[in-house]
$ cat final32.cif   # mmCIF, C-alpha atoms and all ligand atoms
data_final
#
loop_
_atom_site.label_atom_id
_atom_site.label_comp_id
_atom_site.auth_asym_id
_atom_site.auth_seq_id
_atom_site.Cartn_x
_atom_site.Cartn_y
_atom_site.Cartn_z
CA MET A 989 -31.23 -94.42 63.98
CA SER A 990 -30.97 -97.64 61.95
CA LEU A 991 -27.87 -98.41 59.92
CA LEU A 992 -29.80 -97.83 56.69
CA GLU A 993 -30.89 -94.40 57.92
CA ILE A 994 -27.32 -93.53 58.93
CA ALA A 995 -26.11 -94.59 55.49
CA ALA A 996 -28.84 -92.70 53.61
CA SER A 997 -28.04 -89.38 55.34
CA PHE A 998 -24.28 -89.93 55.72
CA ASP A 999 -22.14 -86.80 55.25
CA HIS A 1000 -18.39 -87.26 55.67
CA ASN A 1001 -18.04 -83.52 56.45
CA ASP A 1002 -20.35 -83.67 59.45
CA HIS A 1003 -18.43 -83.03 62.69
CA GLY A 1004 -20.85 -85.03 64.85
CA MET A 1005 -20.36 -88.05 62.61
CA ARG A 1006 -16.58 -87.63 62.66
CA GLN A 1007 -16.65 -87.43 66.45
CA ARG A 1008 -18.36 -90.85 66.64
CA CYS A 1009 -16.62 -92.23 63.59
CA GLY A 1010 -15.13 -95.30 65.31
CA VAL A 1011 -18.56 -96.82 65.95
CA ILE A 1012 -20.26 -95.49 62.82
CA TYR A 1013 -17.54 -96.55 60.38
CA ALA A 1014 -17.34 -100.03 61.94
CA SER A 1015 -21.11 -100.56 61.50
CA LEU A 1016 -20.97 -99.32 57.90
CA ARG A 1017 -18.00 -101.57 57.03
CA ALA A 1018 -19.84 -104.56 58.51
CA GLY A 1019 -23.38 -103.87 57.30
CA CYS A 1020 -23.18 -101.91 54.03
CA PRO A 1021 -19.54 -101.44 53.00
CA VAL A 1022 -20.39 -99.67 49.74
CA PHE A 1023 -23.53 -97.57 50.18
CA TRP A 1024 -25.46 -94.65 48.70
CA THR A 1025 -26.09 -91.44 50.61
CA GLU A 1026 -28.49 -88.66 49.61
CA ALA A 1027 -26.18 -85.93 51.00
CA TRP A 1028 -24.83 -83.23 48.62
CA GLY A 1029 -26.92 -84.47 45.68
CA GLY A 1030 -26.14 -88.16 46.28
CA TYR A 1031 -22.95 -90.22 46.13
CA TRP A 1032 -21.66 -93.72 46.79
CA VAL A 1033 -19.31 -94.29 49.74
CA ALA A 1034 -16.62 -97.01 49.95
CA SER A 1035 -15.85 -97.65 53.61
CA ARG A 1036 -13.63 -100.76 53.55
CA TYR A 1037 -9.88 -100.64 53.03
CA GLN A 1038 -9.97 -103.13 50.15
CA ASP A 1039 -12.63 -101.22 48.17
CA VAL A 1040 -10.89 -97.86 48.73
CA TYR A 1041 -7.63 -99.49 47.62
CA GLU A 1042 -9.21 -100.99 44.50
CA ALA A 1043 -11.00 -97.83 43.33
CA ALA A 1044 -8.14 -95.42 44.10
CA ARG A 1045 -5.75 -97.48 42.00
CA ASP A 1046 -8.00 -97.68 38.95
CA PRO A 1047 -8.26 -94.23 37.31
CA GLU A 1048 -9.67 -95.76 34.12
CA ARG A 1049 -12.77 -96.89 35.99
CA PHE A 1050 -12.82 -94.14 38.60
CA SER A 1051 -11.83 -90.76 37.26
CA SER A 1052 -10.57 -87.72 39.21
CA ALA A 1053 -10.91 -85.09 36.48
CA PRO A 1054 -14.62 -84.29 37.11
CA GLY A 1055 -13.68 -83.27 40.67
CA VAL A 1056 -12.83 -85.03 43.94
CA MET A 1057 -14.27 -82.68 46.55
CA ILE A 1058 -17.81 -83.20 47.85
CA PRO A 1059 -18.97 -80.47 47.94
CA PRO A 1060 -16.60 -78.82 45.43
CA VAL A 1061 -14.73 -75.66 46.40
CA GLY A 1062 -17.17 -73.83 44.12
CA HIS A 1063 -14.74 -71.59 42.24
CA GLY A 1064 -15.26 -73.47 38.98
CA ARG A 1065 -11.64 -74.45 38.30
CA PRO A 1066 -9.78 -77.78 38.67
CA LEU A 1067 -7.49 -78.44 41.62
CA LEU A 1068 -4.40 -79.64 39.74
CA PRO A 1069 -2.88 -82.21 39.74
CA MET A 1070 -5.48 -83.83 42.03
CA GLU A 1071 -8.40 -83.29 39.66
CA SER A 1072 -6.85 -84.67 36.48
CA ASP A 1073 -6.44 -88.09 34.84
CA PRO A 1074 -3.69 -89.77 32.84
CA PRO A 1075 -1.86 -88.82 30.71
CA ASP A 1076 -1.88 -85.13 31.78
CA HIS A 1077 -1.82 -86.10 35.44
CA SER A 1078 1.54 -87.86 35.17
CA ALA A 1079 3.09 -84.80 33.50
CA TYR A 1080 1.92 -82.49 36.29
CA ARG A 1081 3.00 -84.88 39.00
CA GLU A 1082 6.42 -85.72 37.61
CA LEU A 1083 7.42 -82.07 37.68
CA LEU A 1084 6.61 -81.81 41.38
CA LEU A 1085 7.84 -85.16 42.67
CA PRO A 1086 11.61 -84.49 42.82
CA ARG A 1087 11.02 -81.38 44.98
CA PHE A 1088 9.02 -83.43 47.49
CA ALA A 1089 11.09 -86.64 47.46
CA PRO A 1090 12.53 -87.82 50.81
CA ALA A 1091 16.06 -86.56 50.08
CA ALA A 1092 14.85 -83.11 49.00
CA VAL A 1093 12.54 -82.82 52.00
CA ALA A 1094 15.30 -83.88 54.40
CA LEU A 1095 17.17 -80.73 53.34
CA LEU A 1096 14.24 -78.66 54.63
CA GLU A 1097 14.53 -80.00 58.17
CA SER A 1098 16.63 -77.10 59.46
CA ASP A 1099 14.16 -74.55 58.05
CA VAL A 1100 11.19 -76.35 59.59
CA ARG A 1101 13.00 -76.61 62.93
CA GLU A 1102 13.99 -72.97 62.91
CA PHE A 1103 10.40 -71.86 62.23
CA ALA A 1104 8.94 -74.25 64.80
CA ALA A 1105 11.48 -73.28 67.48
CA SER A 1106 10.78 -69.60 67.00
CA LEU A 1107 7.00 -70.16 67.16
CA VAL A 1108 7.39 -72.17 70.38
CA ASP A 1109 9.83 -69.61 71.84
CA GLY A 1110 7.15 -66.99 71.25
CA VAL A 1111 4.82 -68.66 73.77
CA ALA A 1112 7.01 -70.85 76.02
CA ASN A 1113 7.34 -68.29 78.82
CA THR A 1114 3.70 -67.28 78.82
CA GLY A 1115 2.47 -70.52 80.40
CA ARG A 1116 -0.54 -70.86 78.10
CA ALA A 1117 -1.39 -70.72 74.44
CA ASP A 1118 -3.83 -71.68 71.76
CA LEU A 1119 -1.54 -74.15 69.99
CA TYR A 1120 -3.72 -74.12 66.89
CA GLU A 1121 -3.17 -70.39 66.32
CA THR A 1122 0.40 -70.20 67.55
CA LEU A 1123 1.95 -73.37 66.12
CA ALA A 1124 -0.29 -75.66 64.03
CA LYS A 1125 -1.48 -72.96 61.61
CA PRO A 1126 1.63 -70.82 61.14
CA LEU A 1127 4.19 -73.62 60.66
CA PRO A 1128 2.80 -75.04 57.37
CA LEU A 1129 2.00 -71.51 56.25
CA LEU A 1130 5.62 -70.45 56.80
CA MET A 1131 6.92 -73.51 54.97
CA ILE A 1132 4.71 -73.31 51.90
CA THR A 1133 5.36 -69.60 51.50
CA ARG A 1134 9.09 -70.31 51.81
CA LEU A 1135 8.84 -73.02 49.11
CA LEU A 1136 6.80 -70.84 46.78
CA GLY A 1137 9.19 -67.95 47.36
CA ILE A 1138 6.52 -65.56 48.65
CA GLU A 1139 6.26 -63.45 51.80
CA ARG A 1140 4.25 -64.96 54.63
CA ASP A 1141 0.94 -63.19 54.83
CA ASP A 1142 -1.88 -64.09 57.22
CA LEU A 1143 -4.24 -63.32 54.37
CA PHE A 1144 -3.27 -66.72 52.97
CA TRP A 1145 -4.68 -68.44 55.98
CA GLU A 1146 -7.91 -66.47 55.72
CA TRP A 1147 -8.22 -67.39 52.07
CA VAL A 1148 -7.46 -71.07 52.61
CA GLU A 1149 -9.73 -71.29 55.65
CA LEU A 1150 -12.63 -69.77 53.78
CA LEU A 1151 -12.12 -71.89 50.70
CA MET A 1152 -11.78 -75.17 52.60
CA TYR A 1153 -14.03 -74.80 55.64
CA GLY A 1154 -16.40 -72.19 54.22
CA ARG A 1155 -17.56 -74.49 51.45
CA VAL A 1156 -19.00 -76.97 53.98
CA ASP A 1157 -19.95 -74.42 56.63
CA GLY A 1158 -22.32 -72.64 54.25
CA ALA A 1159 -20.23 -69.61 53.24
CA ASP A 1160 -21.90 -67.44 50.63
CA PRO A 1161 -20.92 -68.85 47.18
CA GLU A 1162 -20.09 -65.33 45.97
CA THR A 1163 -17.58 -64.92 48.82
CA ILE A 1164 -15.91 -68.20 47.83
CA VAL A 1165 -15.55 -67.04 44.22
CA VAL A 1166 -14.22 -63.60 45.23
CA THR A 1167 -11.73 -65.20 47.65
CA ALA A 1168 -10.50 -67.69 45.05
CA GLU A 1169 -10.11 -64.85 42.54
CA ALA A 1170 -8.05 -62.87 45.06
CA LEU A 1171 -5.71 -65.83 45.52
CA TYR A 1172 -5.47 -66.40 41.74
CA ASP A 1173 -4.70 -62.70 41.17
CA PHE A 1174 -2.01 -62.78 43.83
CA LEU A 1175 -0.42 -65.88 42.31
CA ALA A 1176 -0.64 -64.46 38.78
CA ARG A 1177 1.32 -61.37 39.91
CA GLN A 1178 3.90 -63.58 41.61
CA LEU A 1179 4.28 -65.65 38.43
CA GLU A 1180 4.94 -62.49 36.40
CA LEU A 1181 7.76 -61.65 38.81
CA ARG A 1182 9.23 -65.17 38.39
CA ARG A 1183 9.02 -64.93 34.61
CA ALA A 1184 11.17 -61.81 34.77
CA ALA A 1185 13.56 -63.21 37.38
CA PRO A 1186 13.28 -67.00 37.89
CA GLY A 1187 14.51 -68.46 41.16
CA ASP A 1188 14.76 -71.84 42.81
CA ASP A 1189 11.21 -71.76 44.16
CA LEU A 1190 8.17 -73.85 43.22
CA LEU A 1191 6.50 -71.08 41.20
CA SER A 1192 9.59 -70.78 39.00
CA LEU A 1193 9.53 -74.57 38.64
CA LEU A 1194 5.93 -74.53 37.41
CA LEU A 1195 6.94 -72.13 34.63
CA GLN A 1196 9.21 -74.85 33.24
CA GLY A 1197 6.52 -77.56 33.08
CA ASP A 1198 5.31 -79.24 29.93
CA VAL A 1199 2.64 -81.79 29.03
CA ASN A 1200 3.90 -84.14 26.32
CA GLY A 1201 6.07 -81.48 24.71
CA ARG A 1202 3.79 -78.45 25.02
CA PRO A 1203 4.42 -75.93 27.81
CA TYR A 1204 1.83 -75.67 30.57
CA THR A 1205 -0.80 -73.05 29.79
CA HIS A 1206 -1.13 -69.98 32.02
CA ASP A 1207 -4.28 -71.50 33.57
CA GLU A 1208 -2.58 -74.82 34.29
CA ILE A 1209 0.28 -73.05 36.08
CA LEU A 1210 -2.16 -70.99 38.13
CA ASP A 1211 -4.28 -74.04 39.02
CA LEU A 1212 -1.20 -75.98 40.13
CA ALA A 1213 0.05 -73.06 42.23
CA PHE A 1214 -3.39 -72.50 43.76
CA PHE A 1215 -3.63 -76.14 44.83
CA LEU A 1216 -0.13 -76.18 46.31
CA VAL A 1217 -1.08 -73.29 48.59
CA ILE A 1218 -4.23 -75.05 49.76
CA ALA A 1219 -2.78 -78.58 49.99
CA GLY A 1220 0.38 -77.36 51.70
CA ILE A 1221 -1.34 -75.58 54.55
CA GLU A 1222 -4.72 -76.88 55.63
CA ASN A 1223 -4.25 -80.61 56.20
CA THR A 1224 -0.88 -80.29 57.86
CA ALA A 1225 -2.26 -77.70 60.27
CA PHE A 1226 -5.14 -80.05 61.06
CA SER A 1227 -2.72 -82.92 61.72
CA ILE A 1228 -0.38 -80.91 63.93
CA ARG A 1229 -3.36 -79.79 65.97
CA ALA A 1230 -4.76 -83.35 66.25
CA THR A 1231 -1.37 -84.72 67.34
CA LEU A 1232 -0.82 -82.02 69.98
CA ARG A 1233 -4.38 -82.46 71.22
CA HIS A 1234 -3.76 -86.21 71.54
CA LEU A 1235 -0.66 -85.57 73.64
CA ALA A 1236 -2.54 -83.05 75.80
CA VAL A 1237 -5.33 -85.50 76.65
CA HIS A 1238 -3.10 -88.59 76.90
CA PRO A 1239 -0.34 -87.72 79.37
CA ASP A 1240 0.82 -91.37 79.40
CA ASP A 1241 1.62 -91.22 75.70
CA ARG A 1242 3.33 -87.86 76.20
CA ALA A 1243 5.45 -89.27 79.02
CA ALA A 1244 6.34 -92.37 76.96
CA LEU A 1245 7.42 -90.15 74.10
CA ALA A 1246 9.49 -87.95 76.41
CA ALA A 1247 11.18 -91.08 77.77
CA ASP A 1248 11.82 -92.48 74.30
CA PRO A 1249 11.97 -89.72 71.63
CA GLY A 1250 12.49 -92.46 69.02
CA LEU A 1251 8.73 -93.11 69.23
CA ILE A 1252 7.99 -89.85 67.45
CA ASN A 1253 7.49 -91.42 64.00
CA ASN A 1254 4.99 -93.87 65.47
CA VAL A 1255 3.13 -90.99 67.09
CA VAL A 1256 2.95 -89.18 63.75
CA GLU A 1257 1.72 -92.29 61.89
CA GLN A 1258 -0.86 -93.17 64.53
CA SER A 1259 -2.16 -89.63 64.50
CA LEU A 1260 -2.42 -89.61 60.69
CA ARG A 1261 -4.18 -92.98 60.71
CA LEU A 1262 -6.75 -92.28 63.44
CA TYR A 1263 -7.26 -88.55 62.92
CA ALA A 1264 -7.02 -88.53 59.11
CA PRO A 1265 -7.41 -84.88 58.08
CA VAL A 1266 -8.82 -85.86 54.67
CA THR A 1267 -11.84 -87.94 55.65
CA GLY A 1268 -12.56 -88.85 52.06
CA LEU A 1269 -12.17 -87.78 48.43
CA ALA A 1270 -14.32 -88.69 45.47
CA ARG A 1271 -14.01 -90.26 42.05
CA THR A 1272 -16.54 -90.38 39.21
CA ALA A 1273 -17.34 -93.69 37.53
CA ALA A 1274 -16.08 -93.57 33.93
CA CYS A 1275 -18.19 -96.62 32.96
CA ASP A 1276 -20.90 -98.83 34.44
CA THR A 1277 -19.03 -100.92 36.97
CA ASN A 1278 -19.16 -102.80 40.24
CA LEU A 1279 -17.49 -102.21 43.60
CA GLY A 1280 -17.93 -104.25 46.75
CA GLY A 1281 -20.98 -105.98 45.24
CA GLN A 1282 -22.77 -102.74 44.30
CA GLY A 1283 -23.54 -101.76 40.71
CA ILE A 1284 -22.26 -98.25 40.06
CA ARG A 1285 -23.48 -96.32 37.00
CA ARG A 1286 -21.28 -94.26 34.70
CA GLY A 1287 -21.26 -90.69 36.02
CA ASP A 1288 -22.03 -91.66 39.65
CA ARG A 1289 -19.73 -90.16 42.29
CA LEU A 1290 -17.94 -92.46 44.71
CA LEU A 1291 -16.35 -91.23 47.94
CA LEU A 1292 -13.24 -93.10 49.09
CA LEU A 1293 -13.66 -92.91 52.85
CA PHE A 1294 -9.98 -92.82 53.91
CA GLY A 1295 -10.94 -92.23 57.55
CA SER A 1296 -12.81 -95.53 57.65
CA ALA A 1297 -10.24 -97.52 55.64
CA ASN A 1298 -7.71 -96.44 58.26
CA ARG A 1299 -9.78 -98.08 60.97
CA ASP A 1300 -10.54 -101.29 59.07
CA GLU A 1301 -10.12 -104.16 61.54
CA THR A 1302 -9.15 -106.57 58.75
CA VAL A 1303 -5.99 -104.52 58.18
CA PHE A 1304 -5.19 -102.90 61.56
CA GLU A 1305 -5.22 -104.75 64.84
CA ASP A 1306 -7.15 -102.86 67.58
CA ALA A 1307 -7.99 -100.48 64.80
CA ASP A 1308 -9.54 -97.71 66.91
CA ASP A 1309 -6.65 -97.53 69.38
CA PHE A 1310 -3.63 -95.26 69.32
CA HIS A 1311 -0.67 -97.66 69.48
CA LEU A 1312 2.52 -95.94 70.50
CA ASN A 1313 4.62 -98.96 69.63
CA ARG A 1314 3.24 -99.53 66.15
CA ARG A 1315 3.91 -97.49 63.05
CA ASP A 1316 1.04 -98.60 60.79
CA GLY A 1317 2.62 -97.29 57.61
CA ARG A 1318 -0.11 -98.86 55.45
CA HIS A 1319 -2.69 -96.26 56.36
CA VAL A 1320 -4.27 -94.23 53.57
CA ALA A 1321 -4.34 -90.79 55.21
CA PHE A 1322 -2.29 -89.60 52.21
CA GLY A 1323 -4.48 -91.54 49.77
CA ILE A 1324 -3.24 -94.42 47.66
CA GLY A 1325 -2.53 -95.07 44.00
CA PRO A 1326 -1.52 -92.58 41.31
CA HIS A 1327 -2.82 -89.54 43.22
CA ARG A 1328 -1.14 -90.39 46.51
CA CYS A 1329 -0.09 -87.20 48.29
CA VAL A 1330 2.97 -85.54 46.77
CA GLY A 1331 3.64 -83.65 50.02
CA SER A 1332 3.51 -86.59 52.46
CA HIS A 1333 7.19 -86.43 53.45
CA LEU A 1334 7.00 -82.69 54.06
CA ALA A 1335 3.80 -83.08 56.06
CA ARG A 1336 5.35 -85.80 58.22
CA LEU A 1337 8.42 -83.65 58.80
CA GLU A 1338 6.35 -80.66 59.90
CA ILE A 1339 4.18 -82.71 62.28
CA ARG A 1340 7.22 -84.42 63.81
CA ILE A 1341 9.17 -81.22 64.32
CA ALA A 1342 6.19 -79.28 65.70
CA VAL A 1343 5.88 -81.96 68.40
CA GLU A 1344 9.61 -82.18 69.06
CA GLU A 1345 10.08 -78.44 69.41
CA LEU A 1346 7.07 -78.02 71.66
CA LEU A 1347 8.14 -80.86 73.97
CA ARG A 1348 11.70 -79.50 74.08
CA ARG A 1349 10.49 -76.25 75.67
CA VAL A 1350 7.17 -77.41 77.16
CA PRO A 1351 7.32 -81.04 78.25
CA HIS A 1352 4.08 -80.97 80.29
CA PHE A 1353 0.96 -79.24 79.09
CA GLU A 1354 -2.73 -79.74 79.58
CA LEU A 1355 -6.03 -78.50 78.22
CA THR A 1356 -7.44 -75.46 80.01
CA GLY A 1357 -11.07 -76.37 79.28
CA PRO A 1358 -13.23 -79.14 77.88
CA ASP A 1359 -11.65 -81.40 75.26
CA PRO A 1360 -12.24 -79.67 71.90
CA GLY A 1361 -11.78 -83.02 70.11
CA TRP A 1362 -9.65 -83.83 67.09
CA TYR A 1363 -12.39 -83.87 64.48
CA ALA A 1364 -12.80 -80.16 63.80
CA ALA A 1365 -10.20 -77.48 63.31
CA GLY A 1366 -10.34 -74.79 66.00
CA PRO A 1367 -8.70 -73.49 69.18
CA LEU A 1368 -6.47 -75.82 71.19
CA GLU A 1369 -6.05 -73.95 74.48
CA VAL A 1370 -3.42 -75.47 76.77
CA ALA A 1371 -1.44 -74.35 79.83
CA TRP A 1372 1.83 -75.34 81.49
CA GLN A 1373 4.07 -74.30 84.32
CA THR A 1374 6.88 -71.88 83.64
CA GLY A 1375 10.09 -71.00 85.50
CA ALA A 1376 11.60 -73.30 88.12
CA ALA A 1377 8.49 -75.52 88.34
CA GLY A 1378 8.42 -76.03 84.59
CA GLN A 1379 12.15 -76.70 84.56
CA ALA A 1380 11.76 -79.31 87.28
CA GLY A 1381 9.05 -81.00 85.20
CA ARG A 1382 11.37 -80.96 82.24
CA GLU A 1383 14.10 -82.77 84.11
CA SER A 1384 11.85 -85.32 85.80
C1 LIG A 1401 -1.10 -84.11 56.85
C2 LIG A 1401 -1.02 -83.44 55.71
C3 LIG A 1401 -1.57 -83.92 54.40
C4 LIG A 1401 -2.54 -84.85 54.15
C5 LIG A 1401 -3.33 -85.68 55.15
C6 LIG A 1401 -2.69 -84.93 52.70
C7 LIG A 1401 -3.58 -85.78 52.08
C8 LIG A 1401 -3.66 -85.95 50.71
C9 LIG A 1401 -4.48 -86.92 50.04
C10 LIG A 1401 -5.44 -87.88 50.74
C11 LIG A 1401 -4.26 -86.83 48.71
C12 LIG A 1401 -4.83 -87.75 47.64
C13 LIG A 1401 -5.73 -87.15 46.64
C14 LIG A 1401 -6.55 -88.14 45.86
O1 LIG A 1401 -6.44 -89.36 46.04
O2 LIG A 1401 -7.38 -87.69 45.05
C15 LIG A 1401 -3.30 -85.76 48.53
C16 LIG A 1401 -2.83 -85.32 47.31
C17 LIG A 1401 -1.93 -84.29 47.17
N1 LIG A 1401 -1.27 -83.60 48.16
FE1 LIG A 1401 -1.47 -83.89 50.13
N2 LIG A 1401 -1.82 -84.05 52.13
C18 LIG A 1401 -1.11 -83.42 53.12
C19 LIG A 1401 -0.10 -82.48 52.94
C20 LIG A 1401 0.35 -82.02 51.74
C21 LIG A 1401 1.42 -81.07 51.56
C22 LIG A 1401 2.24 -80.45 52.69
C23 LIG A 1401 1.53 -80.86 50.21
C24 LIG A 1401 2.46 -79.97 49.45
C25 LIG A 1401 3.06 -78.94 49.84
C26 LIG A 1401 0.56 -81.71 49.55
C27 LIG A 1401 0.38 -81.79 48.20
C28 LIG A 1401 -0.45 -82.68 47.57
C29 LIG A 1401 -0.58 -82.77 46.12
C30 LIG A 1401 0.15 -81.92 45.09
C31 LIG A 1401 -1.52 -83.78 45.87
C32 LIG A 1401 -2.06 -84.24 44.51
C33 LIG A 1401 -1.33 -85.48 44.07
C34 LIG A 1401 -1.84 -86.02 42.76
O3 LIG A 1401 -2.98 -85.77 42.38
O4 LIG A 1401 -1.05 -86.69 42.07
N3 LIG A 1401 -0.13 -82.39 50.51
N4 LIG A 1401 -2.93 -85.26 49.76
#

$ encode --input "final32.cif" --output "structure tokens" --more "lines below"
Ligand code: HEM
Amino acid sequence: MSLLEIAASFDHNDHGMRQRCGVIYASLRAGCPVFWTEAWGGYWVASRYQDVYEAARDPERFSSAPGVMIPPVGHGRPLLPMESDPPDHSAYRELLLPRFAPAAVALLESDVREFAASLVDGVANTGRADLYETLAKPLPLLMITRLLGIERDDLFWEWVELLMYGRVDGADPETIVVTAEALYDFLARQLELRRAAPGDDLLSLLLQGDVNGRPYTHDEILDLAFFLVIAGIENTAFSIRATLRHLAVHPDDRAALAADPGLINNVVEQSLRLYAPVTGLARTAACDTNLGGQGIRRGDRLLLLFGSANRDETVFEDADDFHLNRRDGRHVAFGIGPHRCVGSHLARLEIRIAVEELLRRVPHFELTGPDPGWYAAGPLEVAWQTGAAGQAGRES
């Protein structure tokens, strides 16, 4: 397939494309850095770091309010604060930021560690596990439900999974709407309980929000709560899985980390950079404009291809390689500009602790079958030795 054909049919959701993304993104950055694809009704794609950086930081030219997901979730409501523009956006964001600031998140470390340790303890003596189901999925679920002050319920995962993966995997649109309504109804009931008896949780916090002096409407509160559930679970689970899968297929990196636990932050950053869970998010041109030499018309959608910006050779040396000794903090896995991820510190904490707690009990593990890859969520079946043999491995 020629480069022009690849560009014209490009779909950032396609697993096959994500699997070969190193080669494909590099050709796109070199040959047609800002290009038009016919997928999902047609959209522009910015593949270079500098164009992603420029567009993401300019909400006046590139708006988020019309929607940033291609395809959209399909439930007909905005994902707040992500799908809003100034000035409302700043009001939504400022309410959340203190709860997710580094100092506030540092206080959550013992909770995250306790949850992760108990999940790992649940499988450590069995000698094998699907680490996606037993660790990567439940840890963010436990944390977000703790922060929202609601009981953990596996229904949440089913809802989130259907809403996020179902929309690209062809789930029936009616099922998406019914699922979203179930989650909204659940959150509405929880908010009623908080109104009667406020606590220290995020739902109670949302009840106190205001936009330029007027309280948030009921719908705004629900939309913010809905997005926190989705944002807090899915991408972190994806990242924990991708990091553990990397360590399973790269025993040298696992051994280096065991020998020098101080490398853990580098491991987390490299994983986020190379295996970016959010491949790309869109903006809509608010005026006729230009990006990377391409004329973009008002109303056109533009995808910021974070996954490709993270592999841009003009910014990252040996861009497609996992460098254990480099932190690469400039990556855009959490986005960039005014919408940069509010939960980045929490996500990093959860990924780090999931790895630390697994390695503490299970220092050597390997895949039981073919490499499932990092690019799609799904089972991560691994095995390890238990008892005296495992203990010997731990001490070696
Ligand atoms: C590895 C895990 C995560 C990744 C890769 C990730 C990625 C992103 C990205 C790329 C954006 C930018 C949106 C844009 O530019 O339009 C974003 C926004 C956001 N994320 Fe995350 N996220 C993660 C975890 C979390 C967690 C744990 C939370 C909260 C519990 C969270 C809450 C948010 C919120 C509220 C926004 C909207 C910010 C705004 O519009 O101002 N995220 N995230």

$ closest_residue --input "final32.cif" --among "A:Asp1039, A:Glu1180, A:Glu1345, A:Asp1188" --to "A:Ile1209" --atoms "only C-alpha atoms"
A:Glu1180

$ residues_near_point --input "final32.cif" --point "(10.1, -70.3, 68.4)" --cutoff "12 Å" --atoms "all atoms listed in the file" --output "PyMOL selection string"
chain A and resi 1099-1113+1122-1123+1126-1127+1341-1342+1344-1346+1348-1350

$ axis_aligned_box --input "final32.cif" --around "stretch 1364-1372 of chain A" --padding-each-side "6 Å" --output "AutoDock Vina command-line options"
--center_x -5.5 --center_y -76.8 --center_z 72.4 --size_x 26.6 --size_y 18.7 --size_z 30.2

$ closest_residue --input "final32.cif" --among "A:Glu1222, A:Glu1162, A:Glu1369, A:Asp1198" --to "ligand LIG 1401 (chain A)" --atoms "all atoms listed in the file"
A:Glu1222

$ closest_residue --input "final32.cif" --among "A:Asp1306, A:Asp1359, A:Asp1073, A:Glu1097" --to "ligand LIG 1401 (chain A)" --atoms "only C-alpha atoms and all ligand atoms"
A:Asp1073

$ residues_near_ligand --input "final32.cif" --ligand "ligand LIG 1401 (chain A)" --cutoff "7 Å" --atoms "only C-alpha atoms and all ligand atoms" --output "compact mmCIF listing (two decimals) with C-alpha atoms, keeping the file's coordinate frame"
# COMPACT_ATOMS: atom_id res chain seq x y z
CA ALA A 1044 -8.14 -95.42 44.10
CA SER A 1052 -10.57 -87.72 39.21
CA VAL A 1056 -12.83 -85.03 43.94
CA LEU A 1068 -4.40 -79.64 39.74
CA PRO A 1069 -2.88 -82.21 39.74
CA MET A 1070 -5.48 -83.83 42.03
CA GLU A 1071 -8.40 -83.29 39.66
CA HIS A 1077 -1.82 -86.10 35.44
CA ARG A 1081 3.00 -84.88 39.00
CA ILE A 1132 4.71 -73.31 51.90
CA PHE A 1215 -3.63 -76.14 44.83
CA LEU A 1216 -0.13 -76.18 46.31
CA ALA A 1219 -2.78 -78.58 49.99
CA GLY A 1220 0.38 -77.36 51.70
CA ILE A 1221 -1.34 -75.58 54.55
CA ASN A 1223 -4.25 -80.61 56.20
CA THR A 1224 -0.88 -80.29 57.86
CA SER A 1227 -2.72 -82.92 61.72
CA LEU A 1260 -2.42 -89.61 60.69
CA ALA A 1264 -7.02 -88.53 59.11
CA PRO A 1265 -7.41 -84.88 58.08
CA VAL A 1266 -8.82 -85.86 54.67
CA LEU A 1269 -12.17 -87.78 48.43
CA ALA A 1321 -4.34 -90.79 55.21
CA PHE A 1322 -2.29 -89.60 52.21
CA GLY A 1323 -4.48 -91.54 49.77
CA ILE A 1324 -3.24 -94.42 47.66
CA PRO A 1326 -1.52 -92.58 41.31
CA HIS A 1327 -2.82 -89.54 43.22
CA ARG A 1328 -1.14 -90.39 46.51
CA CYS A 1329 -0.09 -87.20 48.29
CA VAL A 1330 2.97 -85.54 46.77
CA GLY A 1331 3.64 -83.65 50.02
CA SER A 1332 3.51 -86.59 52.46
CA LEU A 1334 7.00 -82.69 54.06
CA ALA A 1335 3.80 -83.08 56.06
CA ARG A 1336 5.35 -85.80 58.22

$ closest_residue --input "final32.cif" --among "A:Pro1059, A:Tyr1041, A:Asp1288, A:Ala1079" --to "A:Pro1203" --atoms "all atoms listed in the file"
A:Ala1079

$ atom_distance --input "final32.cif" --atom1 "atom CA of A:Ile1058" --atom2 "atom CA of A:Glu1026"
12.1 Å

$ atom_distance --input "final32.cif" --atom1 "atom CA of A:Ala1018" --atom2 "atom CA of A:Met989"
16.2 Å

$ closest_residue --input "final32.cif" --among "A:Arg1340, A:Glu1305, A:Tyr1204, A:Tyr1263" --to "A:Gly1250" --atoms "all atoms listed in the file"
A:Arg1340

$ closest_residue --input "final32.cif" --among "A:Leu1251, A:Val1237, A:Ile1218, A:Ile1138" --to "A:Thr1356" --atoms "all atoms listed in the file"
A:Val1237

$ atom_distance --input "final32.cif" --atom1 "atom CA of A:Ala1274" --atom2 "atom CA of A:Val1320"
22.9 Å

$ residues_around --input "final32.cif" --residues "A:Phe1050" --least-positions-apart "6" --cutoff "9 Å" --atoms "only C-alpha atoms" --output "number ranges by chain"
A: 1043-1044, 1270-1275, 1289-1290

$ residues_around --input "final32.cif" --residues "A:His1063" --least-positions-apart "4" --cutoff "7 Å" --atoms "only C-alpha atoms" --output "PyMOL selection string"
chain A and resi 1164-1165+1168

$ residues_around --input "final32.cif" --residues "A:Arg1318" --least-positions-apart "6" --cutoff "9 Å" --atoms "only C-alpha atoms" --output "list in words"
Arg1261, Asn1298, Val1303 and Phe1304 of chain A

$ residues_around --input "final32.cif" --residues "A:Ala1297" --least-positions-apart "5" --cutoff "8 Å" --atoms "all atoms listed in the file" --output "PyMOL selection string"
chain A and resi 1035-1038+1040+1319-1320
